[in-house]
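Enquirer: So that we are looking at the same thing, I have put the structure below in structure tokens.
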Amino acid sequence: MQFTFNPTIPEDKDITIVSLVPEQEQSFVQLKDNGQKILSIGVKDVEKINRRKLILLTRQAVALARSHRAAKIAFEFSDFTFPKLRMTDEDKAEVIATNMEMANFEFTKYRTEPEEGWSFVTDIIVVTSKASNIKKSFEKGQIIGQEVNASRALATNPGDEMTPKMLAESAKKAVEGLNVKVEVLGEKEMKKLGMGGVLGVGQGSDAESQFIILEYMAGKKSEKPIVLAGKGVTFDTGGLNIKPGDHMYEMHMDMSGGAAVIHAIVAAAKLKLKKNVVAIVPAVENMPSGSSYHPGDILKSMSGKTIEVINTDAEGRVILSDALTYSERYEPRLVVDVATLTGSAIAALGPRASAIFTRDEKLETTLRKLGEESGDYVWPLPMWEEYEEGVKGTFGDVANSGKSRYGGAIDGAMFLQQFAQNLPSWVHIDIAPRMTTIEGEFLSKGSAGAPIRLLTKLIEKY
Ligand code: BES
Ligand code: ZN
Ligand code: ZN
């Protein structure tokens with residue numbers, strides 16, 4: 001998709017005009033004398049248009065264009081002016097670009113192209129006299145949107161097309177030509193490092209586990225890096241504690257956290273942010289087989305702590321424990337782990353926000369603020385000391401599943417916290433609620449690409 005800028009509305013019948021009409025209930029189509037189409041989007045309650053609604057409106061514009069098969073569209077930048085929306089033009093431009101890009105994505109790789117072709121927007125003409133001010137912001141927003149989409153594509157790939165090795169290859173490909181160093185450890189190297197968590201979860205699969213490390217060091221030498229660790233379970237059957245049938249098929253997206261940290265670092269590199277960032281992805285397939293880890297097994301993690309496996313379906317935290325320990329070698333100033341960790345987080349928050357867990361109150365506030373800004377909404381859940389009881393092991397140091405039926409997202413965080421004790425600042429983001437897009441957000445079905453927009457802002461501002 002290409003953005004260009006023009007001071008006036010182009011009079012070309014191949015270019016469809018998309019316009020916002022205030023206080024109009026419905027959307028409608030008009031035809032100008034010259035045959036040019038105008039798609040009008042009715043905007044109710046202009047007084048109520050805030051940042052959240054702006055995001056949806058920008059996507060709606062592209063969704064409407066796509067439903068009319070309008071490949072080239074033009075819109076007036078000033079259409080996105082609303083009485084209660086206090087945003088700078090630059091900020092607005094970035095949001096528009098990111099979200100138009102996101103609304104233009106669809107995972108078509110495995111579908112036969114219809115005779116009339118796919119319906120994507122190829123060109124967007126932004127009608128404005130402020131091009132020189134907002135062009136850079138459009139470019140920036142577009143890069144972020146493109147990386148969100150790349151992550152969505154990666155995560156939406158079926159499990160047999162995205163094994164740990166394929167994920168590692170995709171990471172290498174994603175950073176080609178960028179100032180990002182890639183290292184991939186196989187099982188042999190992981191054994192040497194004592195990564196019993198990753199190896200334990202992966203041992204039931206025919207696919208070799210991988211440990212992917214990406215380094216983008218464009219900041220000051222003296223500045224300690226931010227480490228992003230993403231759960232890379234390429235398919236989660238649950239293992240011997242096999243999942244019931246209904247929703248297992250969605251578990252090819254259980255590497256969404258991994259995909260997100262890969263594309264967040266790519267976004268940082270493409271935006272040339274002057275920061276030091278490391279992305280780590282432990283990648284495994286969680287399968288039931290004759291060689292699977294069993295409930296009751298005790299794994300020796302890289303930290304030296306033993307993990308008592310209560311449930312083989314609580315595998316994400318087990319692989320992340322080694323990633324958190326590995327992150328220590330960077331002496332990071334902040335570690336963020338991102339994982340589709342628990343169904344319980346979905347039960348707690350519903351599908352509109354990821355759960356964040358941290359004992360760093362300032363960081364919690366920062367993340368909530370950046371969540372609002374970026375559109376990757378997050379909401380905190382507690383990590384009080386009392387909860388620690390829940391993840392104490394009987395025969396091992398830490399149990400991978402809590403003792404109560406309730407509060408599973410918190411147990412997940414408390415488990416991870418046992419491996420984050422040497423880190424100066426740490427936050428766990430449970431993105432299970434935002435694994436897939438939902439009805440009404442004007443995004444195609446599949447992975448939602450959370451929380452790349454948030455991570456990019458965090459890298460930029462932290
Ligand atoms: N990958 C799942 C969590 C999940 C479920 C993500 C649905 C997205 C949508 C995770 O590995 C899992 O199975 N967690 C268990 C933990 C339990 C066994 C302690 C869960 O949430 O039930
Ligand atoms: Zn699981
Ligand atoms: Zn999982």
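A note on labels: chains of the structure tokens are A, B, ... as shown, every chain counts residues from 1, and ligands are counted from 1 in their shown order.
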Show me which residues line ligand 2, defined as having an atom within 7 Å of a ligand atom where only C-alpha atoms and all ligand atoms count, and present them as a ChimeraX atom specification.

Expert: /A:236-238,312-316

Enquirer: Can you write out the residues you just picked, keeping all heavy atoms, as a PDB file, in the first residue's frame?

Expert:
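Below is the file selection-v3.pdb, written as the result:
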```pdb
ATOM      1  N   ASP A 236       0.376 -25.999  20.167  1.00  0.00           N
ATOM      2  CA  ASP A 236       0.156 -26.447  21.542  1.00  0.00           C
ATOM      3  C   ASP A 236      -1.024 -27.414  21.595  1.00  0.00           C
ATOM      4  O   ASP A 236      -2.178 -26.997  21.636  1.00  0.00           O
ATOM      5  CB  ASP A 236      -0.112 -25.231  22.451  1.00  0.00           C
ATOM      6  CG  ASP A 236      -0.316 -25.634  23.903  1.00  0.00           C
ATOM      7  OD1 ASP A 236      -0.010 -26.799  24.252  1.00  0.00           O
ATOM      8  OD2 ASP A 236      -0.761 -24.775  24.704  1.00  0.00           O
ATOM      9  N   THR A 237      -0.693 -28.713  21.572  1.00  0.00           N
ATOM     10  CA  THR A 237      -1.773 -29.717  21.701  1.00  0.00           C
ATOM     11  C   THR A 237      -2.163 -29.877  23.159  1.00  0.00           C
ATOM     12  O   THR A 237      -3.181 -30.475  23.473  1.00  0.00           O
ATOM     13  CB  THR A 237      -1.294 -31.103  21.226  1.00  0.00           C
ATOM     14  OG1 THR A 237      -0.209 -31.525  22.082  1.00  0.00           O
ATOM     15  CG2 THR A 237      -0.825 -31.074  19.777  1.00  0.00           C
ATOM     16  N   GLY A 238      -1.307 -29.348  24.052  1.00  0.00           N
ATOM     17  CA  GLY A 238      -1.476 -29.594  25.484  1.00  0.00           C
ATOM     18  C   GLY A 238      -0.499 -30.666  25.951  1.00  0.00           C
ATOM     19  O   GLY A 238      -0.249 -30.820  27.130  1.00  0.00           O
ATOM     20  N   THR A 312       1.098 -30.707  31.574  1.00  0.00           N
ATOM     21  CA  THR A 312       1.963 -30.477  30.395  1.00  0.00           C
ATOM     22  C   THR A 312       1.398 -29.382  29.486  1.00  0.00           C
ATOM     23  O   THR A 312       2.079 -28.917  28.571  1.00  0.00           O
ATOM     24  CB  THR A 312       2.134 -31.765  29.564  1.00  0.00           C
ATOM     25  OG1 THR A 312       0.840 -32.199  29.117  1.00  0.00           O
ATOM     26  CG2 THR A 312       2.797 -32.862  30.381  1.00  0.00           C
ATOM     27  N   ASP A 313       0.151 -28.977  29.743  1.00  0.00           N
ATOM     28  CA  ASP A 313      -0.447 -27.912  28.934  1.00  0.00           C
ATOM     29  C   ASP A 313      -0.035 -26.521  29.444  1.00  0.00           C
ATOM     30  O   ASP A 313      -0.273 -25.525  28.772  1.00  0.00           O
ATOM     31  CB  ASP A 313      -1.979 -28.049  28.950  1.00  0.00           C
ATOM     32  CG  ASP A 313      -2.650 -27.265  27.833  1.00  0.00           C
ATOM     33  OD1 ASP A 313      -1.932 -26.778  26.941  1.00  0.00           O
ATOM     34  OD2 ASP A 313      -3.891 -27.151  27.859  1.00  0.00           O
ATOM     35  N   ALA A 314       0.592 -26.473  30.607  1.00  0.00           N
ATOM     36  CA  ALA A 314       1.115 -25.182  31.088  1.00  0.00           C
ATOM     37  C   ALA A 314       2.581 -25.112  30.668  1.00  0.00           C
ATOM     38  O   ALA A 314       3.494 -25.027  31.487  1.00  0.00           O
ATOM     39  CB  ALA A 314       0.956 -25.065  32.592  1.00  0.00           C
ATOM     40  N   GLU A 315       2.790 -25.158  29.344  1.00  0.00           N
ATOM     41  CA  GLU A 315       4.141 -25.303  28.785  1.00  0.00           C
ATOM     42  C   GLU A 315       4.821 -23.964  28.513  1.00  0.00           C
ATOM     43  O   GLU A 315       6.047 -23.878  28.525  1.00  0.00           O
ATOM     44  CB  GLU A 315       4.083 -26.125  27.479  1.00  0.00           C
ATOM     45  CG  GLU A 315       3.675 -25.353  26.204  1.00  0.00           C
ATOM     46  CD  GLU A 315       2.281 -24.751  26.245  1.00  0.00           C
ATOM     47  OE1 GLU A 315       1.453 -25.220  27.050  1.00  0.00           O
ATOM     48  OE2 GLU A 315       2.010 -23.797  25.495  1.00  0.00           O
ATOM     49  N   GLY A 316       4.015 -22.932  28.279  1.00  0.00           N
ATOM     50  CA  GLY A 316       4.591 -21.633  27.902  1.00  0.00           C
ATOM     51  C   GLY A 316       5.515 -21.098  28.981  1.00  0.00           C
ATOM     52  O   GLY A 316       6.640 -20.666  28.723  1.00  0.00           O
TER      53      GLY A 316
END
```

Enquirer: Let me see if you get this right: every residue at most 10 Å from ligand 3, counting only C-alpha atoms and all ligand atoms, written as a ChimeraX atom specification.

Expert: /A:231-239,251-255,285-286,312-317,339-343,432

Enquirer: Which is closer to Glu187 (chain A) than all the others in A:Val227, A:Ile262, A:Val284, A:Ala150, using only C-alpha atoms?

Expert: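 With only C-alpha atoms as the atom set, the closest residue is A:Val284.
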
Enquirer: Give the alpha helix (DSSP H) residues of region 198-286 of chain A, as assigned by DSSP on the backbone, as a list of chain:residue names.

Expert: A:Val198, A:Leu199, A:Gly200, A:Val201, A:Gly202, A:Ser256, A:Gly257, A:Gly258, A:Ala259, A:Ala260, A:Val261, A:Ile262, A:His263, A:Ala264, A:Ile265, A:Val266, A:Ala267, A:Ala268, A:Ala269, A:Lys270

Enquirer: Which of these residues is nearest to Lys457 (chain A), using only C-alpha atoms: A:Lys140, A:Arg434, A:Lys362, A:Lys48?

Expert: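 Distance minimum relative to Lys457 (chain A) lands on A:Lys140.
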
Enquirer: Need the shell around Phe75 (chain A): protein/DNA/RNA residues with any atom at most 7 Å away, counting only C-alpha atoms. Skip same-chain ones fewer than 4 positions apart. Format as a ChimeraX atom specification?

Expert: /A:17-19,125-127

Enquirer: Output the selection as a PDB file, in the first residue's frame - N, CA, C and O atoms for each residue.

Expert:
```
ATOM      1  N   ILE A  17     -13.292   8.299  -3.660  1.00  0.00           N
ATOM      2  CA  ILE A  17     -13.146   9.204  -2.522  1.00  0.00           C
ATOM      3  C   ILE A  17     -13.821   8.576  -1.303  1.00  0.00           C
ATOM      4  O   ILE A  17     -14.957   8.110  -1.392  1.00  0.00           O
ATOM      5  N   VAL A  18     -13.104   8.548  -0.214  1.00  0.00           N
ATOM      6  CA  VAL A  18     -13.703   8.068   1.033  1.00  0.00           C
ATOM      7  C   VAL A  18     -13.849   9.280   1.940  1.00  0.00           C
ATOM      8  O   VAL A  18     -12.862   9.973   2.215  1.00  0.00           O
ATOM      9  N   SER A  19     -15.079   9.558   2.354  1.00  0.00           N
ATOM     10  CA  SER A  19     -15.237  10.756   3.184  1.00  0.00           C
ATOM     11  C   SER A  19     -16.031  10.452   4.450  1.00  0.00           C
ATOM     12  O   SER A  19     -16.858   9.540   4.483  1.00  0.00           O
ATOM     13  N   ILE A 125      -4.403   8.304  -1.438  1.00  0.00           N
ATOM     14  CA  ILE A 125      -3.996   9.702  -1.609  1.00  0.00           C
ATOM     15  C   ILE A 125      -4.525  10.497  -0.421  1.00  0.00           C
ATOM     16  O   ILE A 125      -5.729  10.529  -0.163  1.00  0.00           O
ATOM     17  N   VAL A 126      -3.621  11.077   0.297  1.00  0.00           N
ATOM     18  CA  VAL A 126      -4.005  11.876   1.452  1.00  0.00           C
ATOM     19  C   VAL A 126      -4.131  13.318   0.973  1.00  0.00           C
ATOM     20  O   VAL A 126      -3.155  13.918   0.516  1.00  0.00           O
ATOM     21  N   VAL A 127      -5.344  13.848   1.054  1.00  0.00           N
ATOM     22  CA  VAL A 127      -5.563  15.207   0.593  1.00  0.00           C
ATOM     23  C   VAL A 127      -5.277  16.164   1.750  1.00  0.00           C
ATOM     24  O   VAL A 127      -5.981  16.160   2.754  1.00  0.00           O
TER      25      VAL A 127
END
```

Enquirer: Smallest atom-to-atom distance to Lys37 (chain A): which of A:Leu214, A:Val281, A:Ile49, A:Ile73, using only C-alpha atoms?

Expert: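 Between A:Leu214, A:Val281, A:Ile49, A:Ile73, the residue approaching Lys37 (chain A) most closely is A:Ile73.
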
Enquirer: Find the distance between CA of Asp45 (chain A) and CA of Ser78 (chain A) and write it in Å to one decimal.

Expert: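 Those two atoms sit 17.3 Å apart.
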
Enquirer: Can you list, as an MDAnalysis selection string, every residue of region 269-435 of chain A that DSSP puts in strand (DSSP E)?

Expert: chainID A and resid 276:286 298:300 306:308 334:339 354:357 378:380 398:399 426:430

Enquirer: Quick one, how far is CA of Tyr377 (chain A) from CA of Ser354 (chain A)?

Expert: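 Result for CA of Tyr377 (chain A) versus CA of Ser354 (chain A): 6.4 Å, one decimal.
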